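Undergrad: Okay, here's the structure, questions in a sec.
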Amino acid sequence: MLRSSRSKGRAQTEPIAAIVAVSVVVVGIGLYAISMQTVLPGTSQSATADRTIDRVWDDIETGGVFYAHDDATPLSDRVTSAALPAGATVAVEVTAVDEGRERAVATGAFPTGFPDETNRADVAALDRSVEAHGVPDEASVATQSIPVAVENEADVRAGTLRVSVW
């Protein structure tokens with residue numbers, strides 16, 4: 001007659017081998033997550049421009065329209081620090097269709113730390129640099145179609161809001 005023991009025949013793992021196996025799995029999952037980060041929504045650099053354009057639009061629109069006529073407030077006085085990503089430089093351009101062509105009706109550049117850690121000279125220097133050289137190639141850019149009041153409040157035309165973040 002054979003006697004069977006419940007304790008015999010069960011596989012047992014050494015504690016150190018189990019810890020090493022679990023560690024390898026955790027490291028593998030971590031490396032996979034890091035490699036997939038640029039593919040996931042909301043984690044790429046362009047997601048920064050996409051979020052920034054929405055916040056900038058909230059700052060510069062009035063009643064769903066951007067007012068660009070002569071007595072309109074400049075962009076540098078409309079955009080708040082809450083609309084700008086921390087540690088980034090931002091350029092904003094608003095264009096409107098005029099005689100069949102798009103023309104810039106408002107531009108502004110906002111250095112890192114705007115407005116608390118910068119002054120008007122910093123903003124003006126960045127404006128000149130962007131105007132002369134454009135935005136850097138590595139900047140993330142988002143565009144959005146917007147209505148623009150050009151000559152007066154009744155003269156609303158199609159326009160584009162372009163936000164570059166670097």
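Numbering starts fresh at 1 for the residues of each chain in the structure tokens, the chains themselves are lettered A, B, ... in the order given, and ligands are numbered from 1 as they appear.
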As a ChimeraX atom specification, please: every residue in segment 8-137 of chain A that DSSP puts in strand (DSSP E or B).
TA: /A:62,65-67,90-98,101-110
Undergrad: At a cut-off of 9 Å, using only C-alpha atoms, what residues contact Val148 of chain A? Leave out same-chain residues fewer than 6 positions from it and give the result as a ChimeraX atom specification.
TA: /A:65-68,94-97,105,155-160
Undergrad: Near Val130 of chain A, counting only C-alpha atoms, which residues have an atom at most 12 Å away, once you skip same-chain residues fewer than 4 positions from it, shown as a list in words?
TA: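 Result of the neighbour search: Thr89, Val90, Ala91, Val92, Glu93, Thr107, Gly108, Ala109, Phe110, Pro111, Val123, Ala124, Ala125, Leu126, Gly134, Val135, Pro136, Asp137, Ala139, Ser164 and Trp166 of chain A.
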Undergrad: Can those selected residues be exported to a file as a short mmCIF file (atom, residue, chain, number, x, y, z; two decimals), in the first residue's frame so that it contains all heavy atoms?
TA:
data_model
loop_
_atom_site.label_atom_id
_atom_site.label_comp_id
_atom_site.auth_asym_id
_atom_site.auth_seq_id
_atom_site.Cartn_x
_atom_site.Cartn_y
_atom_site.Cartn_z
N THR A 89 8.69 78.43 -23.36
CA THR A 89 8.53 79.68 -24.10
C THR A 89 7.40 79.46 -25.08
O THR A 89 7.29 78.39 -25.68
CB THR A 89 9.83 80.03 -24.84
OG1 THR A 89 10.87 80.16 -23.87
CG2 THR A 89 9.70 81.32 -25.61
N VAL A 90 6.55 80.48 -25.26
CA VAL A 90 5.36 80.34 -26.11
C VAL A 90 5.29 81.52 -27.08
O VAL A 90 5.52 82.66 -26.69
CB VAL A 90 4.08 80.30 -25.24
CG1 VAL A 90 2.84 80.22 -26.11
CG2 VAL A 90 4.12 79.13 -24.26
N ALA A 91 4.95 81.21 -28.32
CA ALA A 91 4.67 82.25 -29.32
C ALA A 91 3.24 82.07 -29.79
O ALA A 91 2.79 80.94 -30.03
CB ALA A 91 5.64 82.15 -30.50
N VAL A 92 2.52 83.19 -29.91
CA VAL A 92 1.12 83.17 -30.32
C VAL A 92 0.96 84.06 -31.54
O VAL A 92 1.50 85.18 -31.57
CB VAL A 92 0.20 83.66 -29.18
CG1 VAL A 92 -1.25 83.71 -29.63
CG2 VAL A 92 0.35 82.79 -27.94
N GLU A 93 0.25 83.57 -32.53
CA GLU A 93 -0.04 84.37 -33.72
C GLU A 93 -1.50 84.19 -34.09
O GLU A 93 -2.01 83.08 -34.13
CB GLU A 93 0.85 83.94 -34.89
CG GLU A 93 0.58 84.73 -36.16
CD GLU A 93 1.41 84.26 -37.33
OE1 GLU A 93 1.44 83.04 -37.60
OE2 GLU A 93 2.03 85.12 -37.97
N THR A 107 0.35 89.26 -32.79
CA THR A 107 1.40 88.30 -32.44
C THR A 107 1.90 88.62 -31.04
O THR A 107 1.79 89.76 -30.57
CB THR A 107 2.60 88.36 -33.42
OG1 THR A 107 3.15 89.68 -33.39
CG2 THR A 107 2.20 87.99 -34.83
N GLY A 108 2.43 87.62 -30.41
CA GLY A 108 3.02 87.82 -29.09
C GLY A 108 3.91 86.65 -28.74
O GLY A 108 3.65 85.52 -29.15
N ALA A 109 4.97 86.93 -28.03
CA ALA A 109 5.88 85.88 -27.58
C ALA A 109 6.04 86.03 -26.07
O ALA A 109 6.13 87.14 -25.55
CB ALA A 109 7.22 85.99 -28.28
N PHE A 110 6.05 84.91 -25.38
CA PHE A 110 6.05 84.91 -23.92
C PHE A 110 7.20 84.04 -23.42
O PHE A 110 7.18 82.82 -23.57
CB PHE A 110 4.71 84.38 -23.41
CG PHE A 110 3.54 85.13 -24.00
CD1 PHE A 110 2.91 84.69 -25.15
CD2 PHE A 110 3.11 86.30 -23.41
CE1 PHE A 110 1.86 85.40 -25.70
CE2 PHE A 110 2.06 87.02 -23.95
CZ PHE A 110 1.44 86.57 -25.10
N PRO A 111 8.23 84.68 -22.84
CA PRO A 111 9.38 83.91 -22.34
C PRO A 111 9.02 83.09 -21.10
O PRO A 111 7.99 83.33 -20.46
CB PRO A 111 10.41 85.00 -22.01
CG PRO A 111 9.65 86.26 -21.87
CD PRO A 111 8.37 86.11 -22.64
N VAL A 123 10.24 90.42 -23.07
CA VAL A 123 9.16 90.11 -24.01
C VAL A 123 9.47 90.71 -25.37
O VAL A 123 9.33 90.05 -26.41
CB VAL A 123 7.80 90.61 -23.46
CG1 VAL A 123 6.70 90.43 -24.49
CG2 VAL A 123 7.44 89.88 -22.17
N ALA A 124 9.93 91.97 -25.40
CA ALA A 124 10.25 92.63 -26.67
C ALA A 124 11.40 91.92 -27.39
O ALA A 124 11.37 91.75 -28.62
CB ALA A 124 10.59 94.09 -26.41
N ALA A 125 12.41 91.49 -26.65
CA ALA A 125 13.55 90.79 -27.26
C ALA A 125 13.10 89.46 -27.87
O ALA A 125 13.52 89.10 -28.98
CB ALA A 125 14.64 90.56 -26.22
N LEU A 126 12.25 88.75 -27.17
CA LEU A 126 11.74 87.48 -27.70
C LEU A 126 10.86 87.74 -28.93
O LEU A 126 10.94 87.01 -29.91
CB LEU A 126 10.98 86.70 -26.63
CG LEU A 126 10.43 85.34 -27.06
CD1 LEU A 126 11.56 84.42 -27.52
CD2 LEU A 126 9.66 84.71 -25.92
N GLY A 134 11.76 83.19 -36.66
CA GLY A 134 10.67 82.23 -36.53
C GLY A 134 10.82 81.42 -35.26
O GLY A 134 11.74 81.64 -34.47
N VAL A 135 9.93 80.46 -35.08
CA VAL A 135 10.00 79.60 -33.89
C VAL A 135 10.99 78.47 -34.18
O VAL A 135 11.20 78.10 -35.34
CB VAL A 135 8.62 79.04 -33.50
CG1 VAL A 135 7.67 80.15 -33.14
CG2 VAL A 135 8.04 78.18 -34.59
N PRO A 136 11.62 77.92 -33.16
CA PRO A 136 12.58 76.83 -33.37
C PRO A 136 11.91 75.60 -33.99
O PRO A 136 10.71 75.37 -33.83
CB PRO A 136 13.06 76.50 -31.94
CG PRO A 136 12.70 77.67 -31.11
CD PRO A 136 11.52 78.31 -31.75
N ASP A 137 12.69 74.83 -34.72
CA ASP A 137 12.17 73.63 -35.38
C ASP A 137 11.61 72.62 -34.40
O ASP A 137 10.69 71.87 -34.72
CB ASP A 137 13.26 72.96 -36.23
CG ASP A 137 13.65 73.81 -37.43
OD1 ASP A 137 12.85 74.66 -37.86
OD2 ASP A 137 14.79 73.62 -37.93
N ALA A 139 9.93 73.19 -31.76
CA ALA A 139 8.72 73.66 -31.08
C ALA A 139 7.52 72.80 -31.45
O ALA A 139 7.38 72.35 -32.58
CB ALA A 139 8.44 75.11 -31.45
N SER A 164 2.85 78.11 -30.57
CA SER A 164 4.09 77.31 -30.61
C SER A 164 4.69 77.28 -29.22
O SER A 164 4.79 78.31 -28.56
CB SER A 164 5.08 77.94 -31.58
OG SER A 164 4.51 78.11 -32.86
N TRP A 166 8.02 75.82 -26.89
CA TRP A 166 9.34 75.20 -26.85
C TRP A 166 10.04 75.47 -25.56
O TRP A 166 9.67 76.24 -24.76
CB TRP A 166 10.20 75.60 -28.04
CG TRP A 166 10.66 77.01 -28.09
CD1 TRP A 166 11.86 77.49 -27.67
CD2 TRP A 166 9.94 78.16 -28.60
NE1 TRP A 166 11.94 78.84 -27.89
CE2 TRP A 166 10.77 79.27 -28.46
CE3 TRP A 166 8.67 78.34 -29.14
CZ2 TRP A 166 10.38 80.55 -28.84
CZ3 TRP A 166 8.29 79.60 -29.52
CH2 TRP A 166 9.14 80.70 -29.38
#
